[in-house]
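As stored in target-v1.cif (mmCIF, C-alpha atoms (C1' of nucleotides)):
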data_coords
#
loop_
_atom_site.label_atom_id
_atom_site.label_comp_id
_atom_site.auth_asym_id
_atom_site.auth_seq_id
_atom_site.Cartn_x
_atom_site.Cartn_y
_atom_site.Cartn_z
CA MET A 1 -2.62 -15.13 35.41
CA LEU A 2 -0.59 -13.92 32.45
CA ARG A 3 3.00 -15.08 32.52
CA GLU A 4 5.37 -12.17 33.09
CA ASP A 5 8.25 -13.72 31.17
CA VAL A 6 6.05 -13.98 28.08
CA THR A 7 4.96 -10.37 28.49
CA GLU A 8 8.56 -9.29 28.74
CA ALA A 9 9.57 -11.28 25.66
CA ILE A 10 6.84 -9.54 23.68
CA ARG A 11 7.94 -6.12 24.89
CA ALA A 12 11.52 -6.80 23.88
CA ALA A 13 10.40 -8.10 20.50
CA VAL A 14 8.38 -4.96 19.86
CA PHE A 15 11.42 -2.78 20.45
CA GLU A 16 13.47 -4.86 18.06
CA GLU A 17 10.77 -4.87 15.41
CA LEU A 18 10.29 -1.14 15.77
CA ALA A 19 13.99 -0.60 15.27
CA THR A 20 14.40 -2.93 12.30
CA VAL A 21 11.22 -2.52 10.25
CA GLY A 22 9.54 0.50 11.82
CA TYR A 23 6.03 1.06 13.13
CA ALA A 24 4.24 1.02 9.80
CA ARG A 25 5.68 -2.30 8.66
CA MET A 26 5.54 -3.91 12.05
CA SER A 27 3.00 -6.75 12.32
CA ILE A 28 1.58 -8.68 15.23
CA GLU A 29 2.61 -11.86 13.49
CA GLY A 30 6.18 -10.59 13.24
CA ILE A 31 6.26 -9.63 16.89
CA ALA A 32 4.96 -13.01 18.00
CA ARG A 33 7.41 -14.76 15.69
CA ARG A 34 10.36 -12.81 17.06
CA ALA A 35 9.26 -13.28 20.65
CA GLY A 36 8.82 -17.02 20.11
CA VAL A 37 5.23 -16.74 21.18
CA GLY A 38 1.77 -17.41 19.81
CA LYS A 39 -0.29 -14.58 18.38
CA THR A 40 -2.86 -15.38 21.04
CA ALA A 41 -0.42 -14.38 23.76
CA VAL A 42 -0.11 -10.94 22.21
CA TYR A 43 -3.83 -10.38 21.61
CA ARG A 44 -4.55 -11.52 25.14
CA ARG A 45 -2.55 -8.49 26.39
CA TRP A 46 -3.10 -5.74 23.85
CA ARG A 47 -5.94 -5.08 21.46
CA SER A 48 -3.81 -3.77 18.63
CA LYS A 49 -0.41 -2.66 17.45
CA LEU A 50 -1.29 0.90 18.44
CA HIS A 51 -2.20 0.03 22.03
CA LEU A 52 0.97 -2.01 22.31
CA VAL A 53 3.22 0.82 21.22
CA LEU A 54 1.37 3.45 23.24
CA ASP A 55 1.81 1.27 26.31
CA LEU A 56 5.57 0.97 25.75
CA VAL A 57 6.08 4.65 25.06
CA SER A 58 4.08 5.65 28.12
CA ALA A 59 6.15 3.30 30.24
CA LEU A 60 9.31 5.01 29.02
CA ALA A 61 7.90 8.41 29.88
CA VAL A 62 7.68 7.48 33.54
CA GLN A 63 11.43 7.40 34.11
CA GLY A 64 11.97 11.02 35.08
CA LEU A 65 15.50 12.34 34.66
CA PRO A 66 17.23 14.17 37.50
CA ALA A 67 18.09 17.80 36.78
CA PRO A 68 21.80 18.56 36.98
CA GLU A 69 22.91 21.20 39.47
CA THR A 70 26.41 22.36 38.79
CA GLY A 71 25.69 25.90 39.86
CA GLY A 72 26.07 27.36 36.38
CA LEU A 73 24.09 27.38 33.16
CA GLU A 74 26.92 26.15 30.97
CA GLY A 75 27.80 23.34 33.35
CA ASP A 76 24.18 22.25 33.62
CA LEU A 77 23.84 22.19 29.85
CA ARG A 78 27.04 20.23 29.54
CA MET A 79 25.71 17.51 31.82
CA LEU A 80 22.36 17.42 30.07
CA TYR A 81 24.12 16.97 26.74
CA GLU A 82 26.28 14.23 28.16
CA VAL A 83 23.24 12.22 29.22
CA THR A 84 21.24 12.97 26.09
CA SER A 85 23.99 12.14 23.62
CA ARG A 86 24.67 8.88 25.40
CA ALA A 87 20.99 7.96 25.07
CA LEU A 88 20.93 8.92 21.39
CA ARG A 89 24.03 6.83 20.74
CA HIS A 90 22.08 3.61 21.30
CA PRO A 91 21.11 2.34 17.82
CA VAL A 92 17.72 1.23 19.06
CA ALA A 93 16.86 4.72 20.25
CA SER A 94 18.19 6.48 17.18
CA GLN A 95 16.16 4.14 14.96
CA ILE A 96 12.94 4.20 16.93
CA ILE A 97 12.73 7.89 17.74
CA PRO A 98 12.55 9.28 14.20
CA ASP A 99 10.22 6.48 13.22
CA LEU A 100 7.69 7.20 15.95
CA GLN A 101 8.16 10.88 15.38
CA ALA A 102 7.16 10.47 11.74
CA GLU A 103 4.24 8.29 12.76
CA ALA A 104 3.11 10.94 15.19
CA ALA A 105 2.48 13.24 12.24
CA ARG A 106 -0.37 10.92 11.27
CA ASN A 107 -1.57 9.58 14.60
CA PRO A 108 -2.63 12.03 17.32
CA GLU A 109 -2.47 9.38 20.03
CA ILE A 110 1.14 8.58 19.27
CA ALA A 111 1.89 12.27 19.03
CA GLU A 112 0.44 12.86 22.46
CA ALA A 113 2.29 9.96 24.06
CA LEU A 114 5.52 11.12 22.50
CA GLN A 115 5.00 14.71 23.57
CA LYS A 116 4.35 13.56 27.09
CA ALA A 117 7.47 11.42 27.17
CA LEU A 118 9.45 14.31 25.83
CA ARG A 119 8.05 16.78 28.31
CA GLU A 120 8.78 14.52 31.25
CA GLY A 121 12.27 13.82 29.99
CA GLN A 122 14.55 16.09 28.00
CA GLU A 123 12.28 19.11 27.90
CA GLY A 124 11.45 18.95 31.59
CA VAL A 125 15.09 18.93 32.58
CA ALA A 126 15.91 21.73 30.15
CA LEU A 127 13.15 23.84 31.61
CA LYS A 128 14.49 23.34 35.13
CA ILE A 129 17.95 24.36 33.99
CA VAL A 130 16.64 27.56 32.47
CA ALA A 131 14.55 28.38 35.52
CA ALA A 132 17.55 27.87 37.80
CA ALA A 133 19.66 30.17 35.64
CA GLU A 134 16.91 32.77 35.78
CA GLN A 135 16.79 32.58 39.56
CA ARG A 136 20.54 32.94 39.81
CA GLY A 137 20.27 36.04 37.68
CA GLU A 138 22.54 34.43 35.13
CA VAL A 139 20.07 35.15 32.35
CA ARG A 140 17.39 37.77 31.85
CA THR A 141 14.19 37.01 33.73
CA GLY A 142 11.09 36.88 31.57
CA LEU A 143 12.94 35.56 28.54
CA ASP A 144 11.10 33.41 25.98
CA GLU A 145 11.45 30.02 27.62
CA GLU A 146 10.15 28.10 24.64
CA LEU A 147 12.79 29.64 22.45
CA ALA A 148 15.40 28.77 25.06
CA LEU A 149 14.26 25.14 24.99
CA ASP A 150 14.56 25.07 21.19
CA LEU A 151 18.07 26.47 21.41
CA ILE A 152 18.99 23.82 23.96
CA SER A 153 17.45 20.76 22.35
CA GLY A 154 17.65 21.53 18.66
CA PRO A 155 21.31 21.35 17.75
CA LEU A 156 22.14 18.01 19.36
CA TYR A 157 19.01 16.42 17.93
CA TRP A 158 19.82 17.79 14.51
CA ARG A 159 23.34 16.48 14.63
CA SER A 160 22.57 13.06 16.12
CA VAL A 161 19.27 12.19 14.49
CA VAL A 162 18.94 14.23 11.30
CA ILE A 163 22.53 14.46 10.14
CA ARG A 164 23.09 11.09 11.78
CA SER A 165 26.65 11.85 12.64
CA PRO A 166 28.10 8.53 13.82
CA LYS A 167 30.11 10.01 16.66
CA LEU A 168 30.78 13.48 17.94
CA PRO A 169 34.32 14.90 17.88
CA LYS A 170 36.10 15.38 21.18
CA GLY A 171 35.15 18.69 22.74
CA TYR A 172 31.94 18.96 20.75
CA LEU A 173 29.58 18.80 23.71
CA ALA A 174 31.65 21.29 25.70
CA ALA A 175 31.69 23.77 22.83
CA LEU A 176 27.98 23.25 22.24
CA ALA A 177 27.19 23.90 25.90
CA ARG A 178 29.27 27.08 25.86
CA ALA A 179 27.70 28.41 22.67
CA THR A 180 24.18 27.57 23.80
CA ALA A 181 24.71 29.27 27.16
CA GLU A 182 25.82 32.39 25.32
CA ALA A 183 22.78 32.24 23.06
CA ILE A 184 20.42 32.05 26.02
CA LYS A 185 22.15 34.89 27.78
CA ALA A 186 21.52 36.96 24.65
CA LEU A 187 17.75 36.44 24.86
CA MET X 1 6.64 8.37 -26.16
CA LEU X 2 5.48 8.53 -22.56
CA ARG X 3 2.82 11.11 -21.94
CA GLU X 4 4.11 13.93 -19.78
CA ASP X 5 0.73 14.71 -18.23
CA VAL X 6 0.49 11.14 -16.99
CA THR X 7 4.00 11.32 -15.57
CA GLU X 8 3.11 14.52 -13.76
CA ALA X 9 -0.09 13.05 -12.36
CA ILE X 10 1.90 10.16 -10.93
CA ARG X 11 4.46 12.48 -9.38
CA ALA X 12 1.75 14.53 -7.72
CA ALA X 13 0.05 11.37 -6.47
CA VAL X 14 3.28 10.14 -4.93
CA PHE X 15 3.65 13.35 -2.94
CA GLU X 16 0.11 13.06 -1.69
CA GLU X 17 0.48 9.42 -0.79
CA LEU X 18 3.78 10.08 0.96
CA ALA X 19 2.14 12.79 3.01
CA THR X 20 -0.98 10.86 3.94
CA VAL X 21 0.17 7.26 4.45
CA GLY X 22 3.96 7.53 4.47
CA TYR X 23 6.65 5.73 2.55
CA ALA X 24 6.28 2.36 4.25
CA ARG X 25 2.55 2.07 3.68
CA MET X 26 2.59 3.58 0.23
CA SER X 27 1.76 1.11 -2.55
CA ILE X 28 2.07 1.26 -6.30
CA GLU X 29 -1.59 0.37 -6.54
CA GLY X 30 -2.48 3.26 -4.29
CA ILE X 31 -0.41 5.69 -6.31
CA ALA X 32 -1.98 4.59 -9.59
CA ARG X 33 -5.44 4.77 -8.05
CA ARG X 34 -4.90 8.29 -6.77
CA ALA X 35 -3.37 9.43 -10.04
CA GLY X 36 -6.27 7.94 -12.01
CA VAL X 37 -3.83 5.84 -13.95
CA GLY X 38 -3.12 2.19 -14.64
CA LYS X 39 -0.41 0.36 -12.72
CA THR X 40 1.25 -0.26 -16.06
CA ALA X 41 1.82 3.45 -16.54
CA VAL X 42 3.76 3.55 -13.30
CA TYR X 43 5.84 0.45 -13.91
CA ARG X 44 6.64 1.70 -17.39
CA ARG X 45 8.45 4.64 -15.79
CA TRP X 46 9.94 3.36 -12.56
CA ARG X 47 10.99 -0.10 -11.53
CA SER X 48 9.87 0.19 -7.93
CA LYS X 49 8.61 2.39 -5.16
CA LEU X 50 12.18 3.08 -4.11
CA HIS X 51 13.29 4.27 -7.55
CA LEU X 52 10.23 6.45 -7.77
CA VAL X 53 10.89 8.20 -4.49
CA LEU X 54 14.62 8.53 -5.09
CA ASP X 55 13.84 10.20 -8.39
CA LEU X 56 11.51 12.71 -6.78
CA VAL X 57 13.87 13.54 -3.94
CA SER X 58 16.77 14.00 -6.32
CA ALA X 59 14.69 16.33 -8.44
CA LEU X 60 13.97 18.46 -5.37
CA ALA X 61 17.65 18.65 -4.53
CA VAL X 62 18.41 20.42 -7.79
CA GLN X 63 16.66 23.66 -6.86
CA GLY X 64 19.60 25.46 -5.23
CA LEU X 65 18.67 28.26 -2.87
CA PRO X 66 20.31 31.68 -3.17
CA ALA X 67 22.41 32.74 -0.19
CA PRO X 68 21.19 35.92 1.50
CA GLU X 69 23.62 38.83 1.66
CA THR X 70 22.49 41.43 4.14
CA GLY X 71 26.03 42.27 5.17
CA GLY X 72 25.69 40.87 8.68
CA LEU X 73 25.51 37.43 10.29
CA GLU X 74 22.29 38.09 12.19
CA GLY X 75 20.55 39.52 9.13
CA ASP X 76 21.62 36.61 6.97
CA LEU X 77 20.34 34.14 9.53
CA ARG X 78 17.09 36.03 9.79
CA MET X 79 16.49 35.71 6.06
CA LEU X 80 17.45 32.05 6.02
CA TYR X 81 14.98 31.36 8.81
CA GLU X 82 12.29 33.26 6.98
CA VAL X 83 12.64 31.07 3.92
CA THR X 84 13.07 27.84 5.86
CA SER X 85 10.13 28.35 8.17
CA ARG X 86 7.89 29.18 5.25
CA ALA X 87 8.91 25.91 3.58
CA LEU X 88 8.32 23.93 6.75
CA ARG X 89 4.90 25.48 7.17
CA HIS X 90 3.58 23.56 4.16
CA PRO X 91 1.81 20.47 5.57
CA VAL X 92 3.10 18.33 2.74
CA ALA X 93 6.70 19.15 3.59
CA SER X 94 6.29 18.77 7.32
CA GLN X 95 4.66 15.37 6.83
CA ILE X 96 7.04 14.02 4.22
CA ILE X 97 10.33 15.17 5.71
CA PRO X 98 10.20 13.27 9.00
CA ASP X 99 8.81 10.25 7.20
CA LEU X 100 11.63 10.02 4.71
CA GLN X 101 14.05 10.90 7.42
CA ALA X 102 12.91 7.90 9.46
CA GLU X 103 13.03 5.71 6.37
CA ALA X 104 16.59 6.85 5.73
CA ALA X 105 17.60 5.17 8.96
CA ARG X 106 16.88 1.87 7.26
CA ASN X 107 17.65 2.55 3.63
CA PRO X 108 21.11 3.89 2.71
CA GLU X 109 19.97 5.00 -0.73
CA ILE X 110 17.24 7.18 0.69
CA ALA X 111 19.66 8.46 3.30
CA GLU X 112 22.12 9.48 0.61
CA ALA X 113 19.52 11.20 -1.54
CA LEU X 114 18.21 13.06 1.47
CA GLN X 115 21.67 14.12 2.62
CA LYS X 116 22.42 15.40 -0.84
CA ALA X 117 19.20 17.40 -1.00
CA LEU X 118 19.95 18.80 2.43
CA ARG X 119 23.52 19.72 1.56
CA GLU X 120 22.47 21.50 -1.60
CA GLY X 121 19.71 23.33 0.18
CA GLN X 122 19.58 24.45 3.79
CA GLU X 123 23.05 23.31 4.79
CA GLY X 124 24.71 24.79 1.73
CA VAL X 125 23.22 28.19 2.38
CA ALA X 126 24.09 28.05 6.06
CA LEU X 127 27.68 27.22 5.21
CA LYS X 128 27.93 30.21 2.90
CA ILE X 129 26.54 32.46 5.61
CA VAL X 130 29.13 31.28 8.09
CA ALA X 131 31.96 31.61 5.58
CA ALA X 132 30.89 35.16 4.77
CA ALA X 133 30.83 36.07 8.46
CA GLU X 134 34.28 34.59 8.86
CA GLN X 135 35.60 36.65 5.98
CA ARG X 136 34.11 39.81 7.40
CA GLY X 137 35.88 39.03 10.66
CA GLU X 138 32.51 38.96 12.38
CA VAL X 139 33.26 35.58 13.90
CA ARG X 140 36.47 33.78 14.80
CA THR X 141 38.18 32.19 11.80
CA GLY X 142 38.85 28.50 12.11
CA LEU X 143 35.77 27.85 14.21
CA ASP X 144 34.08 24.46 14.12
CA GLU X 145 31.85 24.94 11.09
CA GLU X 146 29.89 21.74 11.61
CA LEU X 147 28.96 22.88 15.08
CA ALA X 148 27.93 26.23 13.66
CA LEU X 149 25.65 24.49 11.17
CA ASP X 150 24.06 22.49 13.99
CA LEU X 151 23.45 25.67 15.95
CA ILE X 152 21.86 27.27 12.91
CA SER X 153 19.64 24.45 11.69
CA GLY X 154 18.79 22.60 14.89
CA PRO X 155 16.46 24.90 16.82
CA LEU X 156 14.04 25.73 14.00
CA TYR X 157 13.85 22.09 12.93
CA TRP X 158 13.23 21.04 16.50
CA ARG X 159 10.47 23.57 16.94
CA SER X 160 8.76 23.06 13.59
CA VAL X 161 9.13 19.34 13.03
CA VAL X 162 9.72 17.68 16.39
CA ILE X 163 7.63 19.84 18.70
CA ARG X 164 5.35 20.47 15.73
CA SER X 165 4.46 23.93 16.89
CA PRO X 166 1.60 25.02 14.62
CA LYS X 167 2.78 28.58 14.19
CA LEU X 168 5.62 30.62 15.57
CA PRO X 169 4.92 33.67 17.76
CA LYS X 170 5.65 37.09 16.36
CA GLY X 171 9.28 38.00 16.81
CA TYR X 172 10.36 34.41 17.22
CA LEU X 173 12.52 34.26 14.10
CA ALA X 174 14.17 37.59 14.90
CA ALA X 175 15.01 36.50 18.44
CA LEU X 176 16.24 33.14 17.17
CA ALA X 177 18.51 34.81 14.63
CA ARG X 178 19.93 37.12 17.28
CA ALA X 179 20.57 34.34 19.79
CA THR X 180 22.11 32.08 17.17
CA ALA X 181 24.42 34.81 15.94
CA GLU X 182 25.60 35.30 19.51
CA ALA X 183 26.17 31.57 19.89
CA ILE X 184 28.31 31.43 16.78
CA LYS X 185 30.31 34.45 17.83
CA ALA X 186 31.09 32.61 21.05
CA LEU X 187 32.66 29.66 19.20
"C1'" DT E 1 -4.50 5.79 -43.77
"C1'" DT E 2 -1.93 2.82 -41.53
"C1'" DA E 3 1.29 1.20 -37.87
"C1'" DC E 4 2.93 1.82 -33.46
"C1'" DG E 5 2.89 2.41 -28.78
"C1'" DA E 6 1.12 4.29 -24.59
"C1'" DC E 7 -3.11 4.17 -22.28
"C1'" DG E 8 -6.77 2.24 -18.46
"C1'" DA E 9 -8.82 -1.83 -16.94
"C1'" DA E 10 -8.93 -6.30 -15.48
"C1'" DA E 11 -7.25 -10.54 -14.18
"C1'" DC E 12 -3.45 -13.65 -13.04
"C1'" DG E 13 -1.06 -16.62 -9.01
"C1'" DG E 14 1.45 -15.67 -4.96
"C1'" DT E 15 2.54 -13.56 -0.50
"C1'" DT E 16 1.54 -11.40 3.87
"C1'" DG E 17 -1.04 -9.99 7.59
"C1'" DC E 18 -5.51 -9.44 9.69
"C1'" DG E 19 -8.35 -11.03 13.94
"C1'" DT E 20 -10.54 -15.29 15.40
"C1'" DT E 21 -11.04 -20.05 16.64
"C1'" DC E 22 -9.82 -24.60 18.01
"C1'" DC E 23 -6.48 -27.78 19.75
"C1'" DG E 24 -3.60 -30.54 23.03
"C1'" DA E 25 0.13 -29.66 26.41
"C1'" DC E 26 1.59 -27.78 30.57
"C1'" DG E 27 1.54 -25.48 35.37
"C1'" DT E 28 -0.57 -23.96 39.27
"C1'" DC E 29 -3.60 -23.69 42.94
"C1'" DA E 30 -7.25 -25.68 45.76
"C1'" DT W 1 -6.26 -35.23 42.01
"C1'" DG W 2 -9.04 -32.29 39.42
"C1'" DA W 3 -10.30 -27.83 37.42
"C1'" DC W 4 -8.84 -23.83 35.30
"C1'" DG W 5 -6.38 -20.72 32.41
"C1'" DT W 6 -2.37 -19.69 29.76
"C1'" DC W 7 0.69 -21.55 26.58
"C1'" DG W 8 2.41 -22.36 21.37
"C1'" DG W 9 0.78 -23.91 17.06
"C1'" DA W 10 -2.16 -24.32 13.29
"C1'" DA W 11 -5.82 -23.18 10.55
"C1'" DC W 12 -9.77 -20.25 9.28
"C1'" DG W 13 -11.83 -16.64 5.64
"C1'" DC W 14 -10.77 -12.14 4.24
"C1'" DA W 15 -8.27 -8.25 2.37
"C1'" DA W 16 -4.45 -5.77 0.22
"C1'" DC W 17 -0.53 -5.64 -2.88
"C1'" DC W 18 2.92 -7.65 -5.38
"C1'" DG W 19 4.77 -7.65 -10.45
"C1'" DT W 20 3.13 -9.49 -14.83
"C1'" DT W 21 0.17 -10.33 -18.69
"C1'" DT W 22 -3.63 -9.58 -21.77
"C1'" DC W 23 -7.09 -6.86 -23.72
"C1'" DG W 24 -9.38 -3.16 -26.56
"C1'" DT W 25 -9.05 1.94 -27.11
"C1'" DC W 26 -7.10 6.11 -28.57
"C1'" DG W 27 -3.59 9.64 -30.26
"C1'" DT W 28 0.11 10.56 -32.94
"C1'" DA W 29 3.55 10.57 -36.38
"C1'" DA W 30 4.99 8.67 -40.79
#
Before anything else, please render the file you have as structure tokens.
Amino acid sequence: MLREDVTEAIRAAVFEELATVGYARMSIEGIARRAGVGKTAVYRRWRSKLHLVLDLVSALAVQGLPAPETGGLEGDLRMLYEVTSRALRHPVASQIIPDLQAEAARNPEIAEALQKALREGQEGVALKIVAAAEQRGEVRTGLDEELALDLISGPLYWRSVVIRSPKLPKGYLAALARATAEAIKAL
Amino acid sequence: MLREDVTEAIRAAVFEELATVGYARMSIEGIARRAGVGKTAVYRRWRSKLHLVLDLVSALAVQGLPAPETGGLEGDLRMLYEVTSRALRHPVASQIIPDLQAEAARNPEIAEALQKALREGQEGVALKIVAAAEQRGEVRTGLDEELALDLISGPLYWRSVVIRSPKLPKGYLAALARATAEAIKAL
DNA sequence: TTACGACGAAACGGTTGCGTTCCGACGTCA
DNA sequence: TGACGTCGGAACGCAACCGTTTCGTCGTAA
């Protein structure tokens, strides 16, 4: 029987290694070293670095987010942004996400795992928000939902991950939610 | 006198290596091999992988883009998106950008070079577009310009680089420009 | 024509990680 | 108490690169 505490130590070490050196530079030896564990313990659980990371990413994907229901598009967006920006504020997340995203450009399996995690998280919630607004008649029915999702997710990602703005000014999320709601209503 | 054709072969090889294996995995030996050149030729020009990449990125930053002037916010955005999406369509660009972007999270020098290239390219043009719209009275003066830039740049980046949508449906850029113009007018 | 310097190729010793194997120590369950 | 399986640690041979040095070749400019 594999010891759960050892498994957990390895998992934690992988996250830290991913954040500090990135997927490409990450080595099994480094993971074992950081976890205070023998290489054997790692190989006994996962066949390779890829399997290890795929396993972790898939596990993350499981945690489905609840869709906000404030009764209005702008309010729903505001809540989504609140949750998302809090998640992106964690240094670990903001280091790991772009790294895996870049890796996904080269590795279809990572790309798929990442897409799935995204779809079950952020994108899934956004889609529910748009559908609810459609049903309320708040926005045009039959609008391009993919475009709506880009309008919703793009700006905050750009600001937090690409521009890497350390913190958002007060009122930013509220203004973003208002502007995005207007954009979607214009579709 | 260093031979210019050799220098150019190295530069081209670096782009190819960056695209195929990424910054982290890229090696001087690999670059020289791909360029059909001795390692000495590389080291004679650049002290390290970092200097080499910084040099290339800085060189890219120089090419300033012209700001579109259609006389309207939506039209200007439309033209900006046309140019940007064409650039992002090149596989080399769409592979290298997220890779360097992830690397920038760990290396301040790369981050700075990338920010500078961004500011002198995409972001610079976007800022001019917003300023022109302000002057025309098309949008509220004194609006949050950083937020406007996020609204402009975020969605297309999200769609092209994060979602990695292979090609955009007909009419997508037009609809995006319209929706974004509405969003900015709502600021 | 001669001198210089960049060129590609090869080798240097050193480091790191690969994936595997063997070891003795420890814990758990029968 | 004994058997089993996981544990951390160490070593295996192998491969890739590091940054440097040495070599003989070739092109160019004085």
Once you count all atoms listed in the file, what closest atom pair and distance in Å to one decimal does each residue of chain W within 9 Å of chain A have, with rows by chain and rising residue number, as JSON lines?
{"residue": "W:DG5", "atom": "C1'", "partner": "A:Met1", "partner_atom": "CA", "distance": 7.4}
{"residue": "W:DT6", "atom": "C1'", "partner": "A:Leu2", "partner_atom": "CA", "distance": 6.6}
{"residue": "W:DC7", "atom": "C1'", "partner": "A:Ala41", "partner_atom": "CA", "distance": 7.8}
{"residue": "W:DG8", "atom": "C1'", "partner": "A:Gly38", "partner_atom": "CA", "distance": 5.2}
{"residue": "W:DG9", "atom": "C1'", "partner": "A:Gly38", "partner_atom": "CA", "distance": 7.1}
ask   = Counting only C-alpha atoms, which residues from chain A have an atom at most 8 Å from any atom of chain X, and could you show them as a ChimeraX atom specification?
value = /A:20-21,24-25,95,98-99,101-103,105-106,115,147,150-159,162-163,172,175-176,178-184,186-187
With C-alpha atoms retained, export the selected residues as a PDB file, in the frame of the given file.
ATOM      1  CA  THR A  20      14.400  -2.930  12.300  1.00  0.00           C
ATOM      2  CA  VAL A  21      11.220  -2.520  10.250  1.00  0.00           C
ATOM      3  CA  ALA A  24       4.240   1.020   9.800  1.00  0.00           C
ATOM      4  CA  ARG A  25       5.680  -2.300   8.660  1.00  0.00           C
ATOM      5  CA  GLN A  95      16.160   4.140  14.960  1.00  0.00           C
ATOM      6  CA  PRO A  98      12.550   9.280  14.200  1.00  0.00           C
ATOM      7  CA  ASP A  99      10.220   6.480  13.220  1.00  0.00           C
ATOM      8  CA  GLN A 101       8.160  10.880  15.380  1.00  0.00           C
ATOM      9  CA  ALA A 102       7.160  10.470  11.740  1.00  0.00           C
ATOM     10  CA  GLU A 103       4.240   8.290  12.760  1.00  0.00           C
ATOM     11  CA  ALA A 105       2.480  13.240  12.240  1.00  0.00           C
ATOM     12  CA  ARG A 106      -0.370  10.920  11.270  1.00  0.00           C
ATOM     13  CA  GLN A 115       5.000  14.710  23.570  1.00  0.00           C
ATOM     14  CA  LEU A 147      12.790  29.640  22.450  1.00  0.00           C
ATOM     15  CA  ASP A 150      14.560  25.070  21.190  1.00  0.00           C
ATOM     16  CA  LEU A 151      18.070  26.470  21.410  1.00  0.00           C
ATOM     17  CA  ILE A 152      18.990  23.820  23.960  1.00  0.00           C
ATOM     18  CA  SER A 153      17.450  20.760  22.350  1.00  0.00           C
ATOM     19  CA  GLY A 154      17.650  21.530  18.660  1.00  0.00           C
ATOM     20  CA  PRO A 155      21.310  21.350  17.750  1.00  0.00           C
ATOM     21  CA  LEU A 156      22.140  18.010  19.360  1.00  0.00           C
ATOM     22  CA  TYR A 157      19.010  16.420  17.930  1.00  0.00           C
ATOM     23  CA  TRP A 158      19.820  17.790  14.510  1.00  0.00           C
ATOM     24  CA  ARG A 159      23.340  16.480  14.630  1.00  0.00           C
ATOM     25  CA  VAL A 162      18.940  14.230  11.300  1.00  0.00           C
ATOM     26  CA  ILE A 163      22.530  14.460  10.140  1.00  0.00           C
ATOM     27  CA  TYR A 172      31.940  18.960  20.750  1.00  0.00           C
ATOM     28  CA  ALA A 175      31.690  23.770  22.830  1.00  0.00           C
ATOM     29  CA  LEU A 176      27.980  23.250  22.240  1.00  0.00           C
ATOM     30  CA  ARG A 178      29.270  27.080  25.860  1.00  0.00           C
ATOM     31  CA  ALA A 179      27.700  28.410  22.670  1.00  0.00           C
ATOM     32  CA  THR A 180      24.180  27.570  23.800  1.00  0.00           C
ATOM     33  CA  ALA A 181      24.710  29.270  27.160  1.00  0.00           C
ATOM     34  CA  GLU A 182      25.820  32.390  25.320  1.00  0.00           C
ATOM     35  CA  ALA A 183      22.780  32.240  23.060  1.00  0.00           C
ATOM     36  CA  ILE A 184      20.420  32.050  26.020  1.00  0.00           C
ATOM     37  CA  ALA A 186      21.520  36.960  24.650  1.00  0.00           C
ATOM     38  CA  LEU A 187      17.750  36.440  24.860  1.00  0.00           C
TER      39      LEU A 187
END
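Shortest separation to Leu52 in chain X among X:Arg11, X:Lys167, X:Pro108, X:Ile129 occurs at residue X:Arg11, atoms counted being all atoms listed in the file.
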How close does each residue of chain E get to chain X, giving the shortest atom pair and distance in Å to one decimal for every residue with an atom at most 8 Å away, counting only C-alpha atoms (C1' of nucleotides), sorted by chain and residue number, as a tab-separated table?
residue	atom	partner	partner_atom	distance
E:DG5	C1'	X:Met1	CA	7.5
E:DA6	C1'	X:Leu2	CA	6.4
E:DC7	C1'	X:Ala41	CA	7.6
E:DG8	C1'	X:Gly38	CA	5.3
E:DA9	C1'	X:Gly38	CA	7.3
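One finds CA of Gly137 in chain X at 25.2 Å from CA of Glu120 in chain X.
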request  = Please provide as an NGL selection string all residues within 8 Å of range 12-26 of chain W, with the sequence filter that same-chain residues fewer than 3 positions apart are discarded (counting only C-alpha atoms (C1' of nucleotides)).
outcome  = (:X and (27 or 29)) or (:E and (7 or 12 or 15 or 18 or 20-21))
remark   = Here CA of Gly71 in chain A and CA of Arg119 in chain A stand apart by 23.0 Å
Grab all the atoms of range 7-11 of chain E that the file lists, wrap them in a box along x, y and z, add 6 Å per side, and give me centre plus edge lengths in Å (one decimal) as lines of an AutoDock Vina configuration file.
center_x = -6.0
center_y = -3.2
center_z = -18.2
size_x = 17.8
size_y = 26.7
size_z = 20.1
ask   = Can you list, as an MDAnalysis selection string, the residues that the PyMOL selection byres ((chain A and resi 55-70) around 10) selects here?
value = chainID A and resid 11:12 14:15 46 49:54 71:80 83 100 110 112:122 124:129 132
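Listed by chain and then by number, the residues chosen by the PyMOL selection byres ((chain W and resi 1) around 12) in this file are DC29 and DA30 of chain E; DG2 and DA3 of chain W.
Interatomic distance, CA of Pro166 in chain A to CA of Ala87 in chain A: 13.3 Å.
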task = Evaluate the PyMOL selection byres ((chain X and resi 13) around 9) and record the selected residues as a PyMOL selection string, following the chain and residue labels used in the document.
result = chain X and resi 8-12+14-18+30-35
